[in-house]
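To start, the structure under review is shown below, and the notes come after it.
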Amino acid sequence: PLDQPSGVGLGIELLEIEGGGREDGLGIVIVNGLVSEGNAERAVNFLKSDGKESIMYGDSIASADLILKRKKGSIGENMEILTVRTECLNYDSMVEALGGLLSPLNEDNNKVGIDEATVVLTLKRLRRRPKIQIKLNYPPSQNLPPEILELKPGDNLRMAMLTRGIKLKDPLAQRYDGKPTGSGNCGSGGLCRTCAISVRNGGDLLSPPKENEKKMLEATPRWRLACKSWVGYGMKEGEITIDVNPRQW
């Protein structure tokens, strides 16, 4: 809620990092700070005391809603919601849009009959995309040096290795669908087990196994199906060490 009855502002310092001088009003503006004892700072302190996350440096304001409650006689109230979109606006355009949104609060409150006003900001937070390093070991019989792969969150482990020329087909794999061993892969169906890997460390960076995969590999708890493993689970970064063709070790 906004506490100041007149001359109301959000109490947010903005910084333009892209778009200065453009005539189309577009750009990138981020939160640079909060005005001491302003409305935003009071809201942040309230949210922190309640254990909730709030606005911070680097956030981008995508839109803003102004919720107005007006007295309606002596027995009720009337609520009105005004909205502006501010995403991808430059500094001048954003200030103009937010100022226009707050204009009802900078009039004579007795005339407009506003009993309570609340601003709700929709924020987008810019963050560095995590990187996941995969250290890949081959069976000693293959006499190949380890390889290092750098992947991004959401990459499928099997596809990432195949596109880099890493052979996963294990001739010793016993198929889960009853077909003969060595009869080919199932195309990421999670049935042939030819892409099974052994995870030495960093397993928490892989998506959790589903029930079917758990059942297939219950005798080898460190094993995963590469076709059913996506890296960067929880947007975390780090290192995963795996052994390919684990039956050959």
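Residues in the structure tokens are numbered from 1 in each chain, the chains being A, B, ... in the order shown, and ligands are numbered from 1 in the order shown.
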_strand (DSSP E) call set, DSSP backbone run, range 32-241 of chain A, as an MDAnalysis selection string_ = chainID A and resid 32:34 59:72 76:85 114:125 132:137 147:151 196:201 223:225 238:241
*asked:* Taking 2 positions as the minimum chain separation for residues in the same chain, which residues sit within 7 Å of Ser188 in chain A when counting only C-alpha atoms? Answer as a ChimeraX atom specification.
replied: /A:186,190,227
With all heavy atoms retained, export the selected residues as a short mmCIF file (atom, residue, chain, number, x, y, z; two decimals), in the first residue's frame.
data_model
loop_
_atom_site.label_atom_id
_atom_site.label_comp_id
_atom_site.auth_asym_id
_atom_site.auth_seq_id
_atom_site.Cartn_x
_atom_site.Cartn_y
_atom_site.Cartn_z
N CYS A 186 16.51 -47.60 -28.72
CA CYS A 186 15.06 -47.38 -28.78
C CYS A 186 14.70 -45.94 -29.12
O CYS A 186 13.54 -45.56 -29.03
CB CYS A 186 14.42 -47.78 -27.45
SG CYS A 186 15.00 -46.80 -26.04
N GLY A 190 13.83 -44.91 -23.47
CA GLY A 190 14.11 -45.38 -22.12
C GLY A 190 13.85 -46.86 -21.94
O GLY A 190 13.45 -47.29 -20.86
N CYS A 227 19.36 -40.79 -21.83
CA CYS A 227 18.24 -40.24 -22.61
C CYS A 227 17.16 -39.65 -21.71
O CYS A 227 16.32 -38.87 -22.18
CB CYS A 227 17.65 -41.31 -23.52
SG CYS A 227 16.80 -42.66 -22.65
#
*asked:* From a backbone DSSP assignment, name each residue in range 60-217 of chain A labelled helix (DSSP H, G or I), as a ChimeraX atom specification.
replied: /A:91-106,109-112,140-142,157-162,203-205,211-216
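Each of A:Ile132, A:Val119, A:Gly11, A:Pro246 was compared to Ala160 in chain A using only C-alpha atoms, and A:Ile132 turns out to be the nearest.
Take the candidates A:Glu87, A:Asp92, A:Glu116, A:Glu37 and check each one against Leu66 in chain A using only C-alpha atoms; the shortest distance goes to A:Glu116.
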*All residues 12 Å or closer to Ser36 in chain A, only C-alpha atoms, same chain fewer than 3 positions away omitted, as number ranges by chain*: A: 10-13, 33, 39-45
With C-alpha atoms retained, write the just-selected residues as a compact mmCIF listing (two decimals), in the first residue's frame.
# COMPACT_ATOMS: atom_id res chain seq x y z
CA LEU A 10 7.13 4.60 -5.96
CA GLY A 11 10.47 5.47 -4.38
CA ILE A 12 12.47 3.47 -6.94
CA GLU A 13 15.67 4.67 -8.62
CA GLY A 33 18.17 1.46 -5.86
CA ASN A 39 7.13 3.43 -0.54
CA ALA A 40 9.27 0.73 -2.18
CA GLU A 41 11.70 0.57 0.74
CA ARG A 42 8.82 0.22 3.21
CA ALA A 43 7.33 -2.57 1.10
CA VAL A 44 10.70 -4.37 0.92
CA ASN A 45 11.16 -4.20 4.68
*Near range 166-171 of chain A, counting only C-alpha atoms, which residues have an atom at most 10 Å away, once you skip same-chain residues fewer than 2 positions from it, shown as a PyMOL selection string?*
chain A and resi 136+138+147+158-164+173-174+181-185+192-197+226+244-248
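Compared by their closest atoms to Gly203 in chain A, and using only C-alpha atoms, the residues A:Arg128, A:Arg222, A:Lys48, A:Arg175 rank with A:Arg222 nearest.
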*Do you have the CA of Glu237 in chain A-CA of Asp155 in chain A distance handy?*
12.6 Å
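Nearest to Leu217 in chain A of all the residues A:Leu15, A:Ala117, A:Leu191, A:Ile30 is A:Leu191, based on only C-alpha atoms.
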Considering only C-alpha atoms, return as a PDB file with N, CA, C and O atoms, in the first residue's frame whatever protein or nucleic-acid residues lie within 12 Å of range 143-146 of chain A, sequence-local ones (same chain, fewer than 2 positions apart) excluded.
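Written out: around_25.pdb:
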ATOM      1  N   ILE A 134      30.687 -31.435 -17.729  1.00  0.00           N
ATOM      2  CA  ILE A 134      30.602 -32.891 -17.676  1.00  0.00           C
ATOM      3  C   ILE A 134      31.997 -33.470 -17.922  1.00  0.00           C
ATOM      4  O   ILE A 134      32.592 -33.225 -18.969  1.00  0.00           O
ATOM      5  N   LYS A 135      32.499 -34.209 -16.946  1.00  0.00           N
ATOM      6  CA  LYS A 135      33.745 -34.952 -17.155  1.00  0.00           C
ATOM      7  C   LYS A 135      33.367 -36.385 -17.489  1.00  0.00           C
ATOM      8  O   LYS A 135      32.734 -37.083 -16.691  1.00  0.00           O
ATOM      9  N   LEU A 136      33.735 -36.811 -18.668  1.00  0.00           N
ATOM     10  CA  LEU A 136      33.291 -38.086 -19.210  1.00  0.00           C
ATOM     11  C   LEU A 136      34.468 -39.052 -19.301  1.00  0.00           C
ATOM     12  O   LEU A 136      35.489 -38.747 -19.927  1.00  0.00           O
ATOM     13  N   ASN A 137      34.326 -40.213 -18.655  1.00  0.00           N
ATOM     14  CA  ASN A 137      35.376 -41.233 -18.656  1.00  0.00           C
ATOM     15  C   ASN A 137      34.959 -42.434 -19.494  1.00  0.00           C
ATOM     16  O   ASN A 137      33.809 -42.896 -19.411  1.00  0.00           O
ATOM     17  N   TYR A 138      35.902 -42.941 -20.302  1.00  0.00           N
ATOM     18  CA  TYR A 138      35.663 -44.140 -21.099  1.00  0.00           C
ATOM     19  C   TYR A 138      36.192 -45.369 -20.353  1.00  0.00           C
ATOM     20  O   TYR A 138      37.093 -45.254 -19.513  1.00  0.00           O
ATOM     21  N   PRO A 139      35.676 -46.549 -20.676  1.00  0.00           N
ATOM     22  CA  PRO A 139      36.219 -47.779 -20.065  1.00  0.00           C
ATOM     23  C   PRO A 139      37.709 -47.923 -20.371  1.00  0.00           C
ATOM     24  O   PRO A 139      38.165 -47.547 -21.463  1.00  0.00           O
ATOM     25  N   PRO A 140      38.484 -48.441 -19.433  1.00  0.00           N
ATOM     26  CA  PRO A 140      39.931 -48.596 -19.666  1.00  0.00           C
ATOM     27  C   PRO A 140      40.264 -49.371 -20.942  1.00  0.00           C
ATOM     28  O   PRO A 140      41.275 -49.100 -21.594  1.00  0.00           O
ATOM     29  N   SER A 141      39.411 -50.325 -21.315  1.00  0.00           N
ATOM     30  CA  SER A 141      39.683 -51.139 -22.499  1.00  0.00           C
ATOM     31  C   SER A 141      39.665 -50.322 -23.782  1.00  0.00           C
ATOM     32  O   SER A 141      40.263 -50.719 -24.781  1.00  0.00           O
ATOM     33  N   ILE A 148      35.841 -33.369 -21.659  1.00  0.00           N
ATOM     34  CA  ILE A 148      35.130 -32.359 -20.880  1.00  0.00           C
ATOM     35  C   ILE A 148      34.086 -31.705 -21.781  1.00  0.00           C
ATOM     36  O   ILE A 148      34.403 -31.210 -22.864  1.00  0.00           O
ATOM     37  N   LEU A 149      32.843 -31.717 -21.340  1.00  0.00           N
ATOM     38  CA  LEU A 149      31.761 -31.074 -22.070  1.00  0.00           C
ATOM     39  C   LEU A 149      31.206 -29.934 -21.233  1.00  0.00           C
ATOM     40  O   LEU A 149      31.118 -30.046 -20.005  1.00  0.00           O
ATOM     41  N   ILE A 166      30.183 -38.793 -29.318  1.00  0.00           N
ATOM     42  CA  ILE A 166      30.476 -39.771 -28.270  1.00  0.00           C
ATOM     43  C   ILE A 166      29.559 -40.973 -28.444  1.00  0.00           C
ATOM     44  O   ILE A 166      28.335 -40.839 -28.455  1.00  0.00           O
ATOM     45  N   THR A 241      30.646 -35.970 -13.017  1.00  0.00           N
ATOM     46  CA  THR A 241      31.602 -36.954 -13.537  1.00  0.00           C
ATOM     47  C   THR A 241      30.855 -38.240 -13.823  1.00  0.00           C
ATOM     48  O   THR A 241      30.175 -38.783 -12.939  1.00  0.00           O
ATOM     49  N   ILE A 242      30.963 -38.723 -15.059  1.00  0.00           N
ATOM     50  CA  ILE A 242      30.240 -39.929 -15.447  1.00  0.00           C
ATOM     51  C   ILE A 242      31.171 -40.911 -16.147  1.00  0.00           C
ATOM     52  O   ILE A 242      32.197 -40.520 -16.738  1.00  0.00           O
ATOM     53  N   ASP A 243      30.800 -42.187 -16.104  1.00  0.00           N
ATOM     54  CA  ASP A 243      31.462 -43.250 -16.851  1.00  0.00           C
ATOM     55  C   ASP A 243      30.483 -43.751 -17.894  1.00  0.00           C
ATOM     56  O   ASP A 243      29.339 -44.092 -17.577  1.00  0.00           O
ATOM     57  N   VAL A 244      30.907 -43.787 -19.170  1.00  0.00           N
ATOM     58  CA  VAL A 244      30.042 -44.322 -20.213  1.00  0.00           C
ATOM     59  C   VAL A 244      30.278 -45.827 -20.327  1.00  0.00           C
ATOM     60  O   VAL A 244      31.325 -46.351 -19.931  1.00  0.00           O
ATOM     61  N   TRP A 249      33.347 -51.691 -17.480  1.00  0.00           N
ATOM     62  CA  TRP A 249      34.376 -51.321 -16.516  1.00  0.00           C
ATOM     63  C   TRP A 249      34.740 -52.529 -15.656  1.00  0.00           C
ATOM     64  O   TRP A 249      33.908 -53.342 -15.321  1.00  0.00           O
TER      65      TRP A 249
END
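By only C-alpha atoms, and with residues fewer than 6 positions from Pro221 in chain A along its chain excluded, the set lying at most 12 Å from it is Ala196, Ile197, Ser198, Val199, Arg200, Gly203, Pro209, Glu213, Lys214 and Lys215 of chain A.
In this model, the gap between CA of Asn156 in chain A and CA of Glu211 in chain A comes to 18.4 Å.
Proximity ranking of A:Asn90, A:Thr83, A:Ser60, A:Ser49 relative to Arg22 in chain A places A:Asn90 first, based on only C-alpha atoms.
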_Residue with smallest distance to Val31 in chain A - pool A:Glu53, A:Leu123, A:Gly113, A:Gly100, counting only C-alpha atoms_ = A:Leu123
_Interatomic distance, CA of Thr86 in chain A to CA of Leu14 in chain A (Å, one decimal)_ = 12.4 Å
*Using only C-alpha atoms, determine which residues lie at most 6 Å from Gly202 in chain A, disregarding the query and same-chain residues fewer than 2 positions distant; provide the list as a ChimeraX atom specification.*
/A:204-205,239-240
Take the residues that were just selected and, keeping N, CA and C atoms, output them as a compact mmCIF listing (two decimals), in the first residue's frame.
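Saved to part.txt:
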# COMPACT_ATOMS: atom_id res chain seq x y z
N ASP A 204 23.11 -34.71 -8.30
CA ASP A 204 22.04 -33.77 -7.96
C ASP A 204 21.83 -32.70 -9.02
N LEU A 205 22.76 -32.62 -10.00
CA LEU A 205 22.62 -31.68 -11.10
C LEU A 205 21.82 -32.26 -12.27
N GLU A 239 29.85 -29.52 -11.53
CA GLU A 239 30.53 -30.54 -12.33
C GLU A 239 29.92 -31.90 -12.09
N ILE A 240 29.73 -32.63 -13.18
CA ILE A 240 29.23 -34.00 -13.11
C ILE A 240 30.29 -34.91 -13.72
